[in-house]
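Chemist: Starting off with a structure, shown below.
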Amino acid sequence: AQSVAQPEDQVNVAEGNPLTVKCTYSVSGNPYLFWYVQYPNRGLQFLLKYITGDNLVKGSYGFEAEFNKSQTSFHLKKPSALVSDSALYFCAVRAPYNTDKLIFGTGTRLQVFP
Amino acid sequence: GAVVSQHPSWVICKSGTSVKIECRSLDFQATTMFWYRQFPKQSLMLMATSNEGSKATYEQGVEKDKFLINHASLTLSTLTVTSAHPEDSSFYICSARQGANAGELFFGEGSRLTVL
């Protein structure tokens with residue numbers, strides 16, 4: 001069965017510094033990987049996805065993620081954090097042979113300090 | 001991106017009553033919608049897959065008689081929490097797939113249910 005792990009409950013970073021939110025996955029076959037962001041009392045907003053192609057995926061709001069097959073990781077990154085990036089981030093995986101069901105990680109709260 | 005709207009955003013009800021939450025795809029047709037439940041400080045748990053014109057597919061452990069799902073049109077799915085109890089209080093989020101592209105799921109803003 002496919003699964004996603006986000007090992008950090010919270011990540012703290014100073015504004016202007018680079019940020020990384022970690023995600024590792026377990027899935028049979030080639031994975032479809034996603035990152036979503038959630039602001040308080042709101043639904044999820046799509047940031048980016050990896051299905052095939054370049055391992056470095058660029059997404060919304062300056063975020064990017066690097067797919068690493070050997071390490072089964074899909075870490076979310078941003079070169080320079082903004083206070084407004086503070087939110088809850090979810091990594092998700094879907095097996096290519098499956099339906100559109102997404103399996104979400106437990107989420108990582110990003111706190112960017114001014 | 002595509003827009004998915006949920007209504008109501010907030011609802012407070014008394015124990016024993018039923019509450020209906022609507023999920024609409026505003027600018028696209030969605031043959032499949034998904035209902036998730038999110039507990040405080042936890043991840044989203046898929047409750048059921050809603051298919052237009054057919055019965056919903058429920059995940060293991062989700063009571064289909066408790067959480068009634070109807071997908072009567074290509075733009076509307078409803079979740080009805082029947083005989084609500086305080087433990088049903090949660091944040092409910094729907095999502096809808098646009099087109100045939102893999103993973104193009106769009107999420108609603110969520111509906112917070114509080115059962116007194």
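For the structure tokens, the naming scheme is as follows: chains receive sequential letters (A, B, ...) according to their order of presentation, residues are indexed from 1 within each chain, and ligands are indexed from 1 in presentation order.
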Mind running chain B against chain A at 10 Å and telling me each contacting residue's nearest atom pair with the distance in Å (one decimal), counting only C-alpha atoms, chain and number ascending, as CSV?

Modeler:
```
residue,atom,partner,partner_atom,distance
B:Gly1,CA,A:Phe46,CA,9.1
B:Val4,CA,A:Gly43,CA,9.7
B:Ser5,CA,A:Gly43,CA,9.8
B:Gln6,CA,A:Gly43,CA,9.4
B:Ser9,CA,A:Asn41,CA,8.9
B:Trp10,CA,A:Asn41,CA,9.6
B:Thr32,CA,A:Asp100,CA,8.7
B:Met33,CA,A:Asp100,CA,9.3
B:Phe34,CA,A:Lys101,CA,8.0
B:Lys41,CA,A:Gly107,CA,8.3
B:Gln42,CA,A:Thr106,CA,5.9
B:Ser43,CA,A:Thr106,CA,4.5
B:Leu44,CA,A:Phe104,CA,6.4
B:Met45,CA,A:Phe104,CA,7.7
B:Leu46,CA,A:Lys101,CA,8.0
B:Ala48,CA,A:Lys101,CA,9.6
B:Thr49,CA,A:Lys101,CA,8.2
B:Phe91,CA,A:Asn41,CA,8.1
B:Tyr92,CA,A:Gly43,CA,9.0
B:Ile93,CA,A:Gly43,CA,6.5
B:Cys94,CA,A:Gly43,CA,8.4
B:Ser95,CA,A:Leu44,CA,9.0
B:Ala96,CA,A:Asp100,CA,9.4
B:Arg97,CA,A:Asp100,CA,7.7
B:Ala100,CA,A:Asp100,CA,10.0
B:Asn101,CA,A:Asp100,CA,9.8
B:Ala102,CA,A:Asp100,CA,7.4
B:Gly103,CA,A:Asp100,CA,6.3
B:Glu104,CA,A:Asp100,CA,8.6
B:Leu105,CA,A:Asp100,CA,7.9
B:Phe106,CA,A:Phe46,CA,7.3
B:Phe107,CA,A:Leu44,CA,5.6
B:Gly108,CA,A:Gly43,CA,5.4
B:Glu109,CA,A:Gly43,CA,3.8
B:Gly110,CA,A:Gly43,CA,5.0
B:Ser111,CA,A:Asn41,CA,8.3
B:Arg112,CA,A:Asn41,CA,7.8
```

Chemist: Residues of the last selection are to be written out with N, CA, C and O atoms, as a short mmCIF file (atom, residue, chain, number, x, y, z; two decimals), in the first residue's frame.

Modeler:
```
data_model
loop_
_atom_site.label_atom_id
_atom_site.label_comp_id
_atom_site.auth_asym_id
_atom_site.auth_seq_id
_atom_site.Cartn_x
_atom_site.Cartn_y
_atom_site.Cartn_z
N GLY B 1 -6.71 28.19 -11.59
CA GLY B 1 -7.22 26.83 -11.60
C GLY B 1 -8.71 26.79 -11.42
O GLY B 1 -9.37 27.81 -11.23
N VAL B 4 -13.74 25.04 -6.75
CA VAL B 4 -14.68 24.15 -6.06
C VAL B 4 -15.20 24.90 -4.85
O VAL B 4 -14.43 25.43 -4.06
N SER B 5 -16.50 24.94 -4.72
CA SER B 5 -17.12 25.71 -3.65
C SER B 5 -17.85 24.79 -2.69
O SER B 5 -18.54 23.86 -3.11
N GLN B 6 -17.68 25.07 -1.41
CA GLN B 6 -18.40 24.31 -0.39
C GLN B 6 -19.32 25.23 0.38
O GLN B 6 -19.00 26.40 0.64
N SER B 9 -19.74 27.17 5.10
CA SER B 9 -18.37 27.17 5.60
C SER B 9 -18.33 26.78 7.07
O SER B 9 -17.37 26.14 7.53
N TRP B 10 -19.36 27.22 7.79
CA TRP B 10 -19.46 26.91 9.20
C TRP B 10 -20.89 26.46 9.48
O TRP B 10 -21.84 27.00 8.96
N THR B 32 -16.35 12.76 -10.68
CA THR B 32 -15.91 12.18 -9.42
C THR B 32 -15.55 13.27 -8.43
O THR B 32 -14.81 14.19 -8.79
N MET B 33 -16.07 13.16 -7.25
CA MET B 33 -15.70 14.06 -6.17
C MET B 33 -15.32 13.22 -4.96
O MET B 33 -15.71 12.05 -4.84
N PHE B 34 -14.55 13.81 -4.09
CA PHE B 34 -14.06 13.09 -2.92
C PHE B 34 -14.40 13.88 -1.67
O PHE B 34 -14.32 15.10 -1.65
N LYS B 41 -5.24 19.36 13.83
CA LYS B 41 -3.82 19.06 13.79
C LYS B 41 -3.53 17.68 13.21
O LYS B 41 -2.51 17.07 13.52
N GLN B 42 -4.41 17.19 12.38
CA GLN B 42 -4.20 15.90 11.74
C GLN B 42 -4.36 16.02 10.24
O GLN B 42 -4.75 17.06 9.71
N SER B 43 -4.03 14.94 9.57
CA SER B 43 -4.09 14.94 8.12
C SER B 43 -5.52 14.73 7.63
O SER B 43 -6.44 14.54 8.42
N LEU B 44 -5.68 14.77 6.34
CA LEU B 44 -6.98 14.52 5.74
C LEU B 44 -7.18 13.01 5.59
O LEU B 44 -6.30 12.31 5.11
N MET B 45 -8.34 12.57 5.98
CA MET B 45 -8.69 11.16 5.83
C MET B 45 -9.80 11.05 4.80
O MET B 45 -10.86 11.66 4.96
N LEU B 46 -9.55 10.28 3.77
CA LEU B 46 -10.56 10.09 2.74
C LEU B 46 -11.73 9.31 3.32
O LEU B 46 -11.55 8.23 3.89
N ALA B 48 -14.94 9.01 1.39
CA ALA B 48 -15.68 8.34 0.33
C ALA B 48 -15.40 9.01 -1.00
O ALA B 48 -15.00 10.17 -1.07
N THR B 49 -15.63 8.24 -2.04
CA THR B 49 -15.54 8.73 -3.41
C THR B 49 -16.95 8.82 -3.96
O THR B 49 -17.70 7.82 -3.93
N PHE B 91 -13.72 19.06 10.43
CA PHE B 91 -13.59 19.89 9.24
C PHE B 91 -13.74 18.94 8.05
O PHE B 91 -12.97 17.99 7.91
N TYR B 92 -14.73 19.20 7.22
CA TYR B 92 -15.01 18.34 6.08
C TYR B 92 -14.61 19.07 4.80
O TYR B 92 -15.01 20.21 4.57
N ILE B 93 -13.83 18.41 3.98
CA ILE B 93 -13.32 19.01 2.76
C ILE B 93 -13.67 18.13 1.57
O ILE B 93 -13.51 16.91 1.63
N CYS B 94 -14.13 18.75 0.50
CA CYS B 94 -14.40 17.98 -0.71
C CYS B 94 -13.37 18.36 -1.77
O CYS B 94 -12.75 19.42 -1.72
N SER B 95 -13.20 17.47 -2.72
CA SER B 95 -12.35 17.77 -3.86
C SER B 95 -12.99 17.20 -5.11
O SER B 95 -13.80 16.27 -5.04
N ALA B 96 -12.61 17.75 -6.24
CA ALA B 96 -13.19 17.32 -7.51
C ALA B 96 -12.08 17.24 -8.54
O ALA B 96 -11.15 18.03 -8.52
N ARG B 97 -12.24 16.29 -9.45
CA ARG B 97 -11.25 16.12 -10.50
C ARG B 97 -11.71 16.84 -11.76
O ARG B 97 -12.86 16.68 -12.19
N ALA B 100 -9.37 14.68 -17.49
CA ALA B 100 -8.76 13.37 -17.37
C ALA B 100 -7.31 13.44 -16.92
O ALA B 100 -6.65 12.44 -16.80
N ASN B 101 -6.84 14.66 -16.64
CA ASN B 101 -5.44 14.79 -16.26
C ASN B 101 -5.17 14.17 -14.90
O ASN B 101 -5.93 14.36 -13.96
N ALA B 102 -4.09 13.49 -14.83
CA ALA B 102 -3.77 12.82 -13.58
C ALA B 102 -3.53 13.82 -12.47
O ALA B 102 -2.76 14.75 -12.60
N GLY B 103 -4.22 13.64 -11.41
CA GLY B 103 -3.95 14.43 -10.22
C GLY B 103 -4.47 15.84 -10.25
O GLY B 103 -4.16 16.62 -9.36
N GLU B 104 -5.24 16.24 -11.21
CA GLU B 104 -5.76 17.60 -11.23
C GLU B 104 -6.97 17.68 -10.33
O GLU B 104 -8.10 17.82 -10.77
N LEU B 105 -6.70 17.58 -9.05
CA LEU B 105 -7.77 17.67 -8.07
C LEU B 105 -7.82 19.07 -7.48
O LEU B 105 -6.79 19.63 -7.14
N PHE B 106 -9.00 19.59 -7.35
CA PHE B 106 -9.18 20.90 -6.76
C PHE B 106 -10.05 20.76 -5.53
O PHE B 106 -11.04 20.03 -5.53
N PHE B 107 -9.68 21.48 -4.48
CA PHE B 107 -10.32 21.32 -3.20
C PHE B 107 -11.23 22.49 -2.88
O PHE B 107 -10.94 23.65 -3.23
N GLY B 108 -12.29 22.18 -2.16
CA GLY B 108 -13.14 23.22 -1.64
C GLY B 108 -12.50 23.87 -0.43
O GLY B 108 -11.44 23.45 0.04
N GLU B 109 -13.16 24.90 0.08
CA GLU B 109 -12.63 25.66 1.19
C GLU B 109 -12.87 24.97 2.53
O GLU B 109 -12.35 25.41 3.55
N GLY B 110 -13.64 23.90 2.50
CA GLY B 110 -13.90 23.18 3.73
C GLY B 110 -15.13 23.67 4.46
O GLY B 110 -15.55 24.82 4.30
N SER B 111 -15.70 22.79 5.25
CA SER B 111 -16.87 23.11 6.07
C SER B 111 -16.62 22.62 7.48
O SER B 111 -16.36 21.42 7.69
N ARG B 112 -16.69 23.55 8.41
CA ARG B 112 -16.45 23.16 9.81
C ARG B 112 -17.79 22.88 10.48
O ARG B 112 -18.65 23.76 10.55
#
```

Chemist: Among the residues of stretch 24-103 of chain A, find those DSSP assigns to helix (DSSP H, G or I) from the backbone and print them as a list in words.

Modeler: Ser60, Tyr61, Gly62, Val83, Ser84 and Asp85 of chain A

Chemist: May I have the residues from that selection written out with C-alpha atoms, as a PDB file, in the first residue's frame?

Modeler:
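The resulting file, out-v8.pdb, is shown below:
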```pdb
ATOM      1  CA  SER A  60       3.161  28.120  -7.298  1.00  0.00           C
ATOM      2  CA  TYR A  61       4.413  30.973  -5.080  1.00  0.00           C
ATOM      3  CA  GLY A  62       8.066  30.240  -5.827  1.00  0.00           C
ATOM      4  CA  VAL A  83       6.165  35.317   6.493  1.00  0.00           C
ATOM      5  CA  SER A  84       3.100  34.740   4.344  1.00  0.00           C
ATOM      6  CA  ASP A  85       4.359  31.219   3.578  1.00  0.00           C
TER       7      ASP A  85
END
```

Chemist: Leaving out stretch 78-82 of chain B and any residue of its chain fewer than 3 positions from it, which residues lie within 12 Å of it when counting only C-alpha atoms, given as a PyMOL selection string?

Modeler: chain B and resi 5-8+11+13-25+33-37+47-52+56+62-75+85-90+92-95+111+113-115

Chemist: Have a look at A:Asn12, A:Ser73, A:Asn55, A:Asn68 and name the one nearest to A:Pro114; count only C-alpha atoms.

Modeler: A:Asn12

Chemist: Can you tell me which residues surround A:Leu76 at a distance of at most 9 Å, considering only C-alpha atoms, apart from same-chain residues fewer than 4 positions away, and format the answer as an mmCIF file with N, CA, C and O atoms, in the first residue's frame?

Modeler:
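Saved to around-v9.cif:
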```
data_model
loop_
_atom_site.group_PDB
_atom_site.id
_atom_site.type_symbol
_atom_site.label_atom_id
_atom_site.label_comp_id
_atom_site.auth_asym_id
_atom_site.auth_seq_id
_atom_site.Cartn_x
_atom_site.Cartn_y
_atom_site.Cartn_z
ATOM 1 N N LEU A 19 13.996 27.408 2.794
ATOM 2 C CA LEU A 19 13.221 26.456 3.582
ATOM 3 C C LEU A 19 13.123 25.116 2.872
ATOM 4 O O LEU A 19 13.149 25.047 1.633
ATOM 5 N N THR A 20 13.033 24.078 3.668
ATOM 6 C CA THR A 20 12.816 22.724 3.158
ATOM 7 C C THR A 20 11.796 22.035 4.038
ATOM 8 O O THR A 20 11.926 22.042 5.265
ATOM 9 N N VAL A 21 10.793 21.447 3.409
ATOM 10 C CA VAL A 21 9.810 20.626 4.111
ATOM 11 C C VAL A 21 9.935 19.218 3.535
ATOM 12 O O VAL A 21 9.771 19.015 2.336
ATOM 13 N N LYS A 22 10.198 18.270 4.407
ATOM 14 C CA LYS A 22 10.556 16.937 3.947
ATOM 15 C C LYS A 22 9.343 16.025 3.724
ATOM 16 O O LYS A 22 8.338 16.112 4.429
ATOM 17 N N CYS A 23 9.516 15.137 2.755
ATOM 18 C CA CYS A 23 8.479 14.149 2.447
ATOM 19 C C CYS A 23 9.154 12.918 1.863
ATOM 20 O O CYS A 23 9.976 13.021 0.953
ATOM 21 N N TRP A 35 2.231 18.340 -3.660
ATOM 22 C CA TRP A 35 2.291 19.172 -2.474
ATOM 23 C C TRP A 35 1.092 20.121 -2.481
ATOM 24 O O TRP A 35 0.772 20.724 -3.512
ATOM 25 N N PHE A 63 7.620 28.032 -4.945
ATOM 26 C CA PHE A 63 8.016 26.740 -4.391
ATOM 27 C C PHE A 63 8.483 25.785 -5.486
ATOM 28 O O PHE A 63 8.052 25.884 -6.631
ATOM 29 N N GLU A 64 9.343 24.880 -5.092
ATOM 30 C CA GLU A 64 9.796 23.824 -5.971
ATOM 31 C C GLU A 64 9.999 22.561 -5.148
ATOM 32 O O GLU A 64 10.077 22.621 -3.921
ATOM 33 N N ALA A 65 10.053 21.440 -5.822
ATOM 34 C CA ALA A 65 10.274 20.171 -5.126
ATOM 35 C C ALA A 65 11.143 19.289 -5.997
ATOM 36 O O ALA A 65 11.071 19.327 -7.220
ATOM 37 N N GLU A 66 11.958 18.500 -5.327
ATOM 38 C CA GLU A 66 12.870 17.630 -6.042
ATOM 39 C C GLU A 66 12.509 16.174 -5.809
ATOM 40 O O GLU A 66 12.477 15.703 -4.665
ATOM 41 N N CYS A 91 2.081 16.696 1.880
ATOM 42 C CA CYS A 91 2.585 15.906 0.770
ATOM 43 C C CYS A 91 1.580 14.785 0.510
ATOM 44 O O CYS A 91 0.950 14.283 1.454
#
```
